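> Contents of protein-v8.txt (compact mmCIF, C-alpha atoms) are below:
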# COMPACT_ATOMS: atom_id res chain seq x y z
CA MET A 887 3.94 79.97 -6.17
CA ASP A 888 2.46 80.50 -9.62
CA ASN A 889 -0.05 77.75 -8.91
CA LEU A 890 -1.01 79.44 -5.68
CA ARG A 891 -1.80 82.63 -7.56
CA ASP A 892 -4.52 80.72 -9.37
CA ALA A 893 -5.76 78.85 -6.33
CA SER A 894 -9.04 79.67 -4.65
CA ASP A 895 -9.00 81.09 -1.16
CA ALA A 896 -10.38 77.80 0.16
CA ALA A 897 -7.55 75.89 -1.51
CA LEU A 898 -5.03 78.27 0.01
CA VAL A 899 -6.42 77.66 3.47
CA VAL A 900 -6.13 73.92 2.98
CA ALA A 901 -2.53 74.43 1.86
CA ILE A 902 -1.92 76.49 5.00
CA GLY A 903 -3.25 73.50 6.90
CA ARG A 904 -0.33 71.60 5.43
CA TRP A 905 2.13 74.21 6.67
CA ASN A 906 2.59 75.78 3.26
CA GLU A 907 4.05 79.18 4.04
CA ASP A 908 3.75 80.30 0.42
CA ALA A 909 0.00 79.83 0.69
CA LEU A 910 -0.10 82.14 3.68
CA ALA A 911 2.01 84.65 1.75
CA GLU A 912 -0.49 84.52 -1.08
CA VAL A 913 -3.38 85.14 1.32
CA TYR A 914 -1.41 88.07 2.71
CA ARG A 915 -0.86 89.41 -0.80
CA ARG A 916 -4.56 89.21 -1.55
CA HIS A 917 -6.08 90.42 1.67
CA GLY A 918 -3.33 91.92 3.83
CA GLY A 919 -3.87 95.40 2.48
CA ALA A 920 -7.58 95.44 3.25
CA ALA A 921 -6.97 94.11 6.75
CA TYR A 922 -4.22 96.65 7.35
CA ALA A 923 -6.41 99.49 6.13
CA LEU A 924 -9.19 98.47 8.47
CA ALA A 925 -6.88 98.10 11.45
CA ARG A 926 -5.29 101.45 10.80
CA ARG A 927 -8.65 103.11 10.35
CA LEU A 928 -9.89 101.77 13.66
CA LEU A 929 -6.74 102.24 15.70
CA ASN A 930 -5.31 105.34 14.08
CA ASP A 931 -1.92 103.90 14.94
CA ASN A 932 0.35 102.22 12.42
CA GLN A 933 2.29 100.26 15.02
CA LEU A 934 -0.83 98.80 16.62
CA ALA A 935 -2.27 98.06 13.17
CA GLU A 936 0.85 96.08 12.31
CA GLU A 937 0.55 94.10 15.51
CA VAL A 938 -3.07 93.30 14.78
CA LEU A 939 -2.20 92.16 11.28
CA GLN A 940 0.55 89.94 12.60
CA GLU A 941 -1.80 88.40 15.09
CA VAL A 942 -4.53 87.79 12.52
CA PHE A 943 -2.23 86.04 10.08
CA LEU A 944 -0.57 83.99 12.79
CA ARG A 945 -4.01 82.90 13.93
CA LEU A 946 -4.84 81.79 10.41
CA TRP A 947 -1.57 79.90 10.28
CA ASN A 948 -2.17 78.17 13.58
CA THR A 949 -5.88 77.44 13.25
CA PRO A 950 -6.88 77.49 9.58
CA GLU A 951 -9.77 75.14 10.35
CA ARG A 952 -11.55 78.03 12.02
CA PHE A 953 -12.21 79.45 8.58
CA ASP A 954 -15.26 77.83 7.06
CA SER A 955 -15.67 78.83 3.44
CA GLU A 956 -19.30 77.81 3.52
CA ARG A 957 -19.96 80.60 6.01
CA GLY A 958 -18.36 83.38 4.02
CA SER A 959 -15.34 84.56 2.13
CA LEU A 960 -11.82 84.46 3.47
CA ARG A 961 -11.66 88.22 3.08
CA SER A 962 -14.64 88.83 5.34
CA TYR A 963 -13.29 86.27 7.81
CA LEU A 964 -9.93 88.03 8.00
CA LEU A 965 -11.56 91.43 8.24
CA ALA A 966 -13.84 90.22 11.03
CA GLN A 967 -10.80 88.88 12.88
CA THR A 968 -8.99 92.15 12.31
CA HIS A 969 -11.97 94.17 13.46
CA GLY A 970 -12.48 92.08 16.57
CA ARG A 971 -8.87 92.34 17.64
CA ALA A 972 -8.68 96.06 16.92
CA VAL A 973 -11.85 96.66 18.92
CA ASP A 974 -10.38 94.70 21.81
CA LEU A 975 -7.41 97.01 21.77
CA ILE A 976 -9.56 100.11 21.58
CA ARG A 977 -11.69 99.01 24.49
CA SER A 978 -8.71 98.05 26.57
CA GLU A 979 -7.82 101.71 26.80
CA THR A 980 -10.89 102.82 28.66
CA SER A 981 -9.79 106.30 29.47
CA ARG A 982 -8.78 106.98 25.92
CA ARG A 983 -12.13 105.79 24.71
CA ARG A 984 -13.99 108.04 27.10
CA ARG A 985 -12.06 110.99 25.83
CA GLU A 986 -12.71 110.00 22.25
CA GLU A 987 -16.40 109.56 22.91
CA ARG A 988 -16.58 113.05 24.33
CA GLU A 989 -14.74 114.38 21.32
CA ALA A 990 -16.98 112.43 19.01
CA ARG A 991 -20.11 113.82 20.60
CA GLU A 992 -18.76 117.32 20.34
CA SER A 993 -17.32 117.39 16.89
CA THR A 994 -18.24 114.54 14.61
CA ASN A 995 -20.43 115.03 11.63
CA PHE A 996 -21.79 111.51 11.50
CA GLY A 997 -23.54 111.73 8.20
CA ASP A 998 -20.67 111.54 5.78
CA ASP A 999 -18.11 109.21 7.29
CA ILE A 1000 -19.05 105.96 5.62
CA GLU A 1001 -19.31 107.74 2.32
CA ARG A 1002 -15.85 109.15 2.84
CA GLU A 1003 -14.49 105.75 3.75
CA VAL A 1004 -15.78 104.01 0.69
CA ILE A 1005 -14.36 106.65 -1.59
CA ASP A 1006 -11.11 104.78 -1.16
CA LEU A 1007 -12.66 101.48 -2.04
CA THR A 1008 -11.37 99.97 -5.19
CA VAL A 1009 -14.49 97.86 -5.36
CA SER A 1010 -16.77 100.35 -7.00
CA GLU A 1011 -18.58 103.58 -7.01
CA LYS A 1012 -21.66 101.47 -6.64
CA VAL A 1013 -20.85 100.71 -3.03
CA LYS A 1014 -20.51 104.39 -2.30
CA GLU A 1015 -23.85 105.12 -3.91
CA ILE A 1016 -25.55 102.34 -2.05
CA VAL A 1017 -24.14 103.42 1.29
CA ALA A 1018 -25.13 106.98 0.58
CA GLY A 1019 -28.64 105.74 -0.04
CA LEU A 1020 -28.98 104.31 3.45
CA PRO A 1021 -31.27 106.15 5.82
CA THR A 1022 -29.10 108.52 7.84
CA ASP A 1023 -29.94 107.00 11.21
CA GLU A 1024 -28.93 103.52 10.03
CA ARG A 1025 -25.74 104.80 8.47
CA GLN A 1026 -24.75 106.66 11.62
CA ALA A 1027 -25.36 103.66 13.83
CA ILE A 1028 -23.30 101.35 11.61
CA GLU A 1029 -20.50 103.84 11.26
CA LEU A 1030 -20.13 104.47 14.96
CA ALA A 1031 -20.23 100.78 15.76
CA TYR A 1032 -17.99 99.53 12.96
CA PHE A 1033 -15.47 102.31 12.47
CA GLY A 1034 -15.71 103.80 15.92
CA GLY A 1035 -15.43 100.49 17.72
CA HIS A 1036 -18.33 101.48 20.00
CA THR A 1037 -20.87 99.14 21.50
CA TYR A 1038 -24.46 99.69 20.47
CA ARG A 1039 -25.21 101.04 23.94
CA GLN A 1040 -22.46 103.61 23.56
CA VAL A 1041 -23.83 104.45 20.14
CA ALA A 1042 -27.26 104.91 21.69
CA VAL A 1043 -25.84 107.45 24.12
CA MET A 1044 -23.97 109.25 21.37
CA LEU A 1045 -27.01 109.45 19.14
CA GLU A 1046 -29.37 110.06 22.05
CA ALA A 1047 -31.54 107.22 20.86
CA PRO A 1048 -33.00 104.21 22.71
CA GLU A 1049 -30.70 101.16 22.82
CA GLY A 1050 -33.32 98.96 21.22
CA THR A 1051 -33.68 101.38 18.35
CA VAL A 1052 -29.95 101.48 17.74
CA LYS A 1053 -29.49 97.72 17.66
CA SER A 1054 -32.41 97.47 15.25
CA ARG A 1055 -30.93 100.20 13.05
CA ILE A 1056 -27.62 98.40 12.85
CA ARG A 1057 -29.28 95.17 11.80
CA SER A 1058 -31.76 96.72 9.41
CA GLY A 1059 -29.02 98.86 7.86
CA LEU A 1060 -26.82 95.83 7.24
CA ARG A 1061 -29.73 93.90 5.76
CA ARG A 1062 -30.63 96.81 3.54
CA LEU A 1063 -27.03 97.08 2.37
CA LYS A 1064 -26.91 93.39 1.58
CA LYS A 1065 -30.06 93.57 -0.47
CA ASP A 1066 -29.00 96.70 -2.33
CA LEU A 1067 -25.50 95.38 -2.97
CA ALA A 1068 -26.90 92.11 -4.28
CA GLU A 1069 -29.27 93.95 -6.60
CA ALA A 1070 -26.34 96.00 -7.85
CA GLY A 1071 -24.34 92.83 -8.44
CA VAL A 1072 -21.69 93.71 -5.87
CA GLY A 1073 -20.43 91.21 -3.39
CA ALA A 1074 -18.55 88.37 -4.98
CA SER A 1075 -15.79 89.65 -7.22
CA TRP A 1076 -13.85 91.17 -4.33
CA ALA A 1077 -13.71 87.96 -2.41
CA GLU A 1078 -10.61 86.59 -4.10
CA ASN A 1079 -7.63 87.71 -6.08
CA MET B 1494 -26.36 89.44 31.07
CA GLY B 1495 -26.64 86.22 32.99
CA ARG B 1496 -29.86 84.77 31.62
CA GLU B 1497 -30.20 82.93 28.37
CA LEU B 1498 -31.75 84.92 25.54
CA SER B 1499 -34.54 83.70 23.33
CA HIS B 1500 -33.88 83.22 19.63
CA THR B 1501 -35.87 86.39 18.87
CA GLU B 1502 -33.85 88.41 21.35
CA VAL B 1503 -30.60 87.13 19.88
CA VAL B 1504 -31.72 87.86 16.33
CA ASP B 1505 -32.26 91.49 17.32
CA LEU B 1506 -28.63 91.65 18.39
CA LEU B 1507 -27.06 89.96 15.38
CA GLY B 1508 -26.14 93.17 13.57
CA ALA B 1509 -24.35 94.50 16.63
CA TYR B 1510 -22.77 91.10 17.22
CA ALA B 1511 -21.39 90.97 13.68
CA LEU B 1512 -19.83 94.42 14.14
CA ASP B 1513 -18.31 93.53 17.54
CA ALA B 1514 -20.64 96.07 19.11
CA LEU B 1515 -22.12 94.03 21.94
CA GLU B 1516 -21.42 94.69 25.57
CA PRO B 1517 -19.03 92.12 27.03
CA ALA B 1518 -21.76 90.79 29.29
CA GLU B 1519 -23.98 90.03 26.30
CA LEU B 1520 -21.29 88.70 24.06
CA GLN B 1521 -20.88 85.33 25.69
CA THR B 1522 -24.59 84.58 25.73
CA VAL B 1523 -25.13 85.62 22.13
CA ASP B 1524 -22.00 83.84 21.00
CA ARG B 1525 -23.16 80.61 22.59
CA HIS B 1526 -26.51 80.83 20.84
CA VAL B 1527 -25.04 81.77 17.46
CA GLN B 1528 -22.59 78.89 17.46
CA ASN B 1529 -25.48 76.48 17.85
CA CYS B 1530 -28.01 78.13 15.54
CA ARG B 1531 -27.54 77.72 11.82
CA GLU B 1532 -29.97 80.50 11.02
CA CYS B 1533 -28.16 83.01 13.22
CA LEU B 1534 -24.76 81.84 12.04
CA ALA B 1535 -25.78 82.39 8.44
CA GLU B 1536 -27.10 85.87 9.16
CA VAL B 1537 -23.93 86.88 10.99
CA ALA B 1538 -21.86 85.65 8.05
CA GLN B 1539 -23.94 87.82 5.71
CA HIS B 1540 -23.53 90.86 7.94
CA ARG B 1541 -19.78 90.36 8.03
CA GLU B 1542 -19.62 90.10 4.26
CA VAL B 1543 -21.39 93.44 4.04
CA ALA B 1544 -19.16 94.99 6.68
CA GLY B 1545 -16.16 93.80 4.69
CA LEU B 1546 -17.32 95.93 1.78
CA LEU B 1547 -17.27 99.01 3.97
CA THR B 1548 -13.62 98.51 4.78
CA PRO B 1549 -11.64 101.56 3.78
CA GLY B 1550 -10.06 100.17 0.67
CA TRP B 1551 -6.53 98.96 0.55
CA SER B 1552 -3.46 100.25 2.34
CA LYS B 1553 -0.17 98.78 1.36
CA PRO B 1554 1.19 97.22 4.53
CA PRO B 1555 4.56 98.60 5.56
CA PRO B 1556 7.60 96.95 4.02
CA GLY B 1557 9.00 94.29 6.29
CA LEU B 1558 5.71 93.37 7.94
CA TRP B 1559 5.42 90.15 6.00
CA ASP B 1560 9.00 89.30 6.94
CA LYS B 1561 8.06 89.76 10.59
CA ILE B 1562 5.05 87.49 10.18
CA ALA B 1563 7.05 84.88 8.30
CA ALA B 1564 9.78 84.96 10.94
CA SER B 1565 7.27 84.44 13.72
CA LEU B 1566 5.80 81.43 11.92
CA GLU B 1567 8.95 79.56 12.78
CA GLU B 1568 8.45 80.45 16.40
CA GLU B 1569 4.78 79.60 16.31
CA ALA B 1570 5.18 76.32 14.46
CA PRO B 1571 8.00 74.52 16.17
CA PRO B 1572 8.79 70.87 15.59
CA LEU B 1573 7.21 68.01 17.42
CA ASP B 1574 8.88 68.47 20.75
CA LEU B 1575 8.00 72.07 21.44
CA ALA B 1576 4.52 72.94 20.28
CA PRO B 1577 1.76 73.60 22.81
CA VAL B 1578 -1.44 71.63 23.01
CA MET B 1579 -3.83 73.16 20.54
CA ALA B 1580 -7.23 74.34 21.57
CA MET B 1581 -8.85 73.39 18.31
CA LYS B 1582 -8.54 70.70 15.72
CA PRO B 1583 -5.02 69.34 15.47
CA ARG B 1584 -2.47 70.46 12.98
CA ARG B 1585 0.74 70.13 14.86
CA ALA B 1586 2.15 67.38 16.91
CA VAL B 1587 2.65 68.32 20.48
CA SER B 1588 5.01 67.99 23.35
CA ALA B 1589 7.23 65.01 23.08
CA ALA B 1590 8.91 66.09 26.27
CA ALA B 1591 5.93 66.38 28.56
CA PRO B 1592 3.59 63.45 28.60
CA GLN B 1593 5.55 60.46 29.80
CA ARG B 1594 2.51 58.41 30.53
CA ASN B 1595 1.27 55.17 29.24
CA PHE B 1596 -2.44 54.66 28.95
CA GLY B 1597 -2.49 51.59 31.11
CA THR B 1598 -3.68 48.24 29.97
CA GLY B 1599 -6.45 49.63 27.80
CA ILE B 1600 -4.29 50.48 24.89
CA ALA B 1601 -2.87 47.01 24.43
CA ALA B 1602 -6.31 45.48 24.59
CA MET B 1603 -7.64 47.91 22.04
CA VAL B 1604 -4.80 47.33 19.66
CA ALA B 1605 -5.48 43.63 19.91
CA VAL B 1606 -9.13 44.23 19.13
CA ALA B 1607 -8.17 46.40 16.18
CA ALA B 1608 -6.10 43.60 14.79
CA MET B 1609 -8.96 41.15 14.99
CA VAL B 1610 -11.92 43.21 13.86
CA MET B 1611 -12.54 43.23 10.13
CA ILE B 1612 -13.41 46.83 9.69
CA GLY B 1613 -12.31 50.04 8.27
CA PHE B 1614 -10.36 50.17 5.11
CA LEU B 1615 -11.73 47.06 3.51
CA GLY B 1616 -14.68 49.19 2.62
CA PHE B 1617 -12.76 52.39 2.35
CA ARG B 1618 -12.36 54.19 -0.90
CA ALA B 1619 -11.99 57.67 -2.16
CA VAL B 1620 -15.20 59.61 -2.46
CA ASP B 1621 -16.18 60.59 -5.96
CA LEU B 1622 -16.71 64.33 -6.00
CA GLY B 1623 -17.98 64.42 -9.52
CA GLY B 1624 -14.63 64.96 -11.15
CA ASP B 1625 -14.33 68.50 -9.84
CA ASN B 1626 -10.59 68.95 -9.66
CA THR B 1627 -10.54 72.68 -10.13
CA PRO B 1628 -8.83 74.86 -7.57
CA GLY B 1629 -12.20 76.16 -6.39
CA GLY B 1630 -14.55 74.63 -3.87
CA THR B 1631 -15.17 74.83 -0.19
CA TYR B 1632 -12.75 74.08 2.57
CA ALA B 1633 -14.61 70.84 3.25
CA GLN B 1634 -14.31 69.83 -0.39
CA GLU B 1635 -10.63 70.68 -0.46
CA LEU B 1636 -10.11 68.66 2.68
CA GLN B 1637 -12.01 65.75 1.20
CA ARG B 1638 -9.82 65.90 -1.88
CA SER B 1639 -6.74 65.75 0.33
CA VAL B 1640 -8.15 62.73 2.12
CA ASN B 1641 -8.95 61.04 -1.16
CA ALA B 1642 -5.43 61.66 -2.38
CA ALA B 1643 -4.00 60.28 0.86
CA LEU B 1644 -6.15 57.16 0.63
CA ALA B 1645 -5.07 56.63 -2.96
CA GLU B 1646 -1.40 57.06 -2.09
CA PRO B 1647 0.20 53.59 -2.26
CA ASP B 1648 2.63 54.33 0.56
CA SER B 1649 0.06 55.72 2.98
CA ARG B 1650 -0.65 53.77 6.15
CA LYS B 1651 -4.21 53.09 7.25
CA VAL B 1652 -4.90 52.92 10.95
CA ASP B 1653 -7.99 51.39 12.54
CA LEU B 1654 -8.61 52.68 16.03
CA VAL B 1655 -11.04 50.49 17.96
CA SER B 1656 -12.50 50.40 21.49
CA THR B 1657 -12.01 47.36 23.71
CA ASP B 1658 -15.59 46.22 23.10
CA GLY B 1659 -15.16 46.69 19.36
CA TYR B 1660 -18.16 48.99 19.02
CA ARG B 1661 -16.39 52.32 18.77
CA MET B 1662 -13.96 52.95 15.98
CA ALA B 1663 -12.13 55.63 14.08
CA HIS B 1664 -10.05 55.41 10.96
CA ALA B 1665 -7.01 57.42 10.04
CA VAL B 1666 -4.67 57.56 7.09
CA VAL B 1667 -1.06 58.71 7.42
CA LEU B 1668 1.17 59.77 4.55
CA PRO B 1669 4.89 59.01 4.48
CA ASP B 1670 5.70 62.61 5.52
CA GLY B 1671 3.64 62.23 8.69
CA THR B 1672 0.63 64.19 7.47
CA GLY B 1673 -2.44 62.33 8.58
CA TYR B 1674 -6.19 62.57 8.50
CA LEU B 1675 -8.73 61.24 10.89
CA VAL B 1676 -11.09 60.10 8.18
CA LYS B 1677 -14.22 58.90 9.89
CA ASN B 1678 -15.44 57.58 13.20
CA ASN B 1679 -18.52 56.55 15.10
CA LEU B 1680 -17.55 58.21 18.36
CA PRO B 1681 -20.53 59.63 20.23
CA ALA B 1682 -20.82 63.42 20.21
CA LEU B 1683 -19.72 65.01 23.48
CA SER B 1684 -21.04 68.06 25.26
CA ASP B 1685 -19.43 71.42 24.59
CA GLU B 1686 -17.53 71.08 27.82
CA ARG B 1687 -15.75 67.90 26.67
CA THR B 1688 -13.49 67.09 23.77
CA TYR B 1689 -11.73 64.21 22.13
CA GLN B 1690 -7.95 64.33 21.96
CA LEU B 1691 -5.71 62.45 19.57
CA TRP B 1692 -2.48 60.92 20.84
CA ALA B 1693 0.53 59.25 19.27
CA LEU B 1694 2.56 56.70 21.17
CA VAL B 1695 6.30 57.09 20.52
CA GLY B 1696 8.23 54.60 22.57
CA THR B 1697 6.59 54.83 25.97
CA SER B 1698 5.56 58.47 25.58
CA ALA B 1699 2.03 59.49 24.70
CA ILE B 1700 2.32 62.63 22.61
CA SER B 1701 -0.69 64.85 22.07
CA VAL B 1702 -1.25 65.23 18.37
CA GLY B 1703 -4.10 67.59 19.02
CA VAL B 1704 -7.47 68.40 20.49
CA ILE B 1705 -10.08 67.37 17.95
CA GLY B 1706 -13.30 68.72 19.40
CA PRO B 1707 -16.48 67.15 20.79
CA GLU B 1708 -17.71 65.86 17.43
CA PRO B 1709 -14.75 65.28 15.15
CA LYS B 1710 -15.27 64.51 11.50
CA ILE B 1711 -12.41 64.81 9.02
CA VAL B 1712 -9.44 66.11 10.96
CA PRO B 1713 -5.98 66.78 9.50
CA PHE B 1714 -3.03 66.22 11.77
CA LYS B 1715 0.71 65.90 11.67
CA MET B 1716 2.91 63.41 13.46
CA ASP B 1717 6.58 62.74 13.52
CA GLY B 1718 8.92 60.06 14.75
CA PRO B 1719 8.40 56.31 15.08
CA VAL B 1720 4.75 56.35 16.10
CA SER B 1721 3.56 52.88 17.06
CA VAL B 1722 -0.01 53.60 18.16
CA LEU B 1723 -2.66 56.25 17.63
CA ALA B 1724 -5.24 56.67 20.37
CA ILE B 1725 -8.13 58.99 21.19
CA THR B 1726 -9.11 59.97 24.72
CA GLU B 1727 -12.00 61.98 26.09
CA GLU B 1728 -10.91 65.07 28.02
CA GLY B 1729 -12.23 68.33 29.39
CA LYS B 1730 -12.67 71.19 26.92
CA GLY B 1731 -9.30 72.49 25.77
CA GLY B 1732 -7.55 69.18 26.18
CA VAL B 1733 -4.67 68.23 28.44
CA VAL B 1734 -0.91 68.02 28.19
CA SER B 1735 -0.83 64.62 29.84
CA SER B 1736 -3.87 62.37 29.86
CA LYS B 1737 -5.09 60.41 32.84
CA GLN B 1738 -7.80 58.72 30.79
CA ASP B 1739 -7.77 55.37 29.12
CA PRO B 1740 -8.26 55.66 25.37
CA VAL B 1741 -11.72 55.50 23.92
CA VAL B 1742 -10.19 53.89 20.83
CA ALA B 1743 -6.66 52.95 19.82
CA GLY B 1744 -4.92 51.29 16.90
CA ARG B 1745 -1.47 50.19 15.86
CA VAL B 1746 0.43 52.13 13.19
CA GLN B 1747 2.40 49.96 10.83
CA ALA B 1748 6.09 50.79 10.75
CA VAL B 1749 7.29 52.49 7.59
Can you present the structure in this file as structure tokens?


Amino acid sequence: MDNLRDASDAALVVAIGRWNEDALAEVYRRHGGAAYALARRLLNDNQLAEEVLQEVFLRLWNTPERFDSERGSLRSYLLAQTHGRAVDLIRSETSRRRREEREARESTNFGDDIEREVIDLTVSEKVKEIVAGLPTDERQAIELAYFGGHTYRQVAVMLEAPEGTVKSRIRSGLRRLKKDLAEAGVGASWAEN
Amino acid sequence: MGRELSHTEVVDLLGAYALDALEPAELQTVDRHVQNCRECLAEVAQHREVAGLLTPGWSKPPPGLWDKIAASLEEEAPPLDLAPVMAMKPRRAVSAAAPQRNFGTGIAAMVAVAAMVMIGFLGFRAVDLGGDNTPGGTYAQELQRSVNAALAEPDSRKVDLVSTDGYRMAHAVVLPDGTGYLVKNNLPALSDERTYQLWALVGTSAISVGVIGPEPKIVPFKMDGPVSVLAITEEGKGGVVSSKQDPVVAGRVQAV
């Protein structure tokens, strides 16, 4: 197990491919908390978040070859899996979503949510600053899509903006974040360990 | 969205795609494009890295959750005779109970060809990766290291799988514990709707070792029991529990 603590994420995934349960435990130790936080944030339900986490780690156990380290970090892979599954659950409860959308339209102050979310990030204050520096319309679109689990068309309705504009804002906001994070030197150290 | 989208149209949607914010009707079309477009795939990966940074920090998972996951691993990873056919590359041997089928006369002919053709491991050797033995590296590199180690293992068994005409071949290496790797092959790439499937012959039963995709390269797999032959068939996407196809290639596994 000590060796696994020093292993790269890619090496851990290969070990998982050899049915090494300790390797999966090490991946859970490294990234389980981030995945759980995301699931809980999206679902607002501890029980559902646990189920999502179980599913994500079982999927890694069963099909580790789906992770391609050349396409990104294991952390982002697991978080994308977590996000996708959580969004599936959110959207499976159509009536609940409709109610939440109404509530969101009526009461949400869109501007500050991402900033509030990253306050909890252990990564850095830099991330918070960079997110805060995003144009408001891009930040709102990303927040509603990523943390709200809404489709870009739903976001367009909520923001009373054209669909094409919203999808462009999401993409341009993500690209701007990438560039700003890279310039600030953020983006690699959180990938492992 | 029934129609195909142009590359430009898909690119516009990549941010939403990366955040799982597409409408279901669009998702399939965009997904199909992205999986076949390196440029789009790379952009999606970048977007997901960024999204990962926005994740709300770290919440300690509840005590006992790992125990639940670990307990379910035993259920999800049963021994040879219980596991389901896998939809992706093989890791677990499958279904000793189900497929009681022999592949017909093809398999014997192919094994005979394999015995005669001078191919495969005569020219096989571990790939030099520049002495990089650190724990780092990509999944592909790690996998290659595993293959190299398996090939260098004195007790490993090398298997040449050959077609009846001798033109198609695949090579595998199997360690004493049953861990194996499909190392290389010259099988033609299939369409996305087709796949190759790897089988192990135990007695008269053809056991699915796994579905290895339409264009397999290095593929890890696991087999158990007294396997006498490895064979690869071509099947519909997703694979089958019991094959009705003759093998594309097959080769005899030396007894331990």

> Give the answer as one residue: which of B:Ser1656, B:Asn1641, B:Ser1736, B:Gln1747 has the shortest atom-to-atom distance to Val1676 (chain B), using only C-alpha atoms?

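The closest residue to Val1676 (chain B) is B:Asn1641.
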
> Which of these residues is nearest to Ala921 (chain A), using all atoms listed in the file: B:Gln1738, B:Thr1726, B:Asn1529, B:Thr1548?

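Ranked by minimum distance to Ala921 (chain A), first place goes to B:Thr1548.
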
> So how many Å separate CA of Glu1542 (chain B) and CA of Arg961 (chain A), to one decimal?

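That distance, rounded to one decimal, is 8.3 Å.
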
> Out of B:Gly1729, B:Gly1508, B:Pro1681, B:Gly1696, which residue has the shortest atom-to-atom distance to Glu1708 (chain B) when counting all atoms listed in the file?

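Of B:Gly1729, B:Gly1508, B:Pro1681, B:Gly1696, the one nearest Glu1708 (chain B) is B:Pro1681, counting all atoms listed in the file.
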
> Using only C-alpha atoms, find which residues of chain B lie within 7 Å of chain A and jot them down as a count of residues only.

35

> Between CA of Leu1558 (chain B) and CA of Asn906 (chain A), what is the distance in Å, rounded to a tenth?

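These two atoms are separated by 18.5 Å.
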
> Between CA of Lys1737 (chain B) and CA of Ala1699 (chain B), what is the spacing in Å?

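So the answer is 10.9 Å.
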
> Show which residues sit within 10 Å of Gly1718 (chain B), as a list in words. Count only C-alpha atoms, and ignore same-chain residues fewer than 2 positions away.

Leu1573, Ala1589, Gly1671, Ala1693, Leu1694, Val1695, Gly1696, Met1716, Val1720 and Ser1721 of chain B

> Contacts of Asn1678 (chain B) at 12 Å or less, counting all atoms listed in the file, minus same-chain residues fewer than 2 places along, as a PyMOL selection string?

chain B and resi 1612-1613+1652-1656+1660-1665+1674-1676+1680-1682+1689+1708-1712+1725+1741-1743

> Taking the point (-5.9, 57.7, 2.8) as given in the file, collect each protein or nucleic acid residue that comes within 7 Å of it, counting only C-alpha atoms, and present the set as a ChimeraX atom specification.

/B:1640-1646,1649,1651,1666-1667
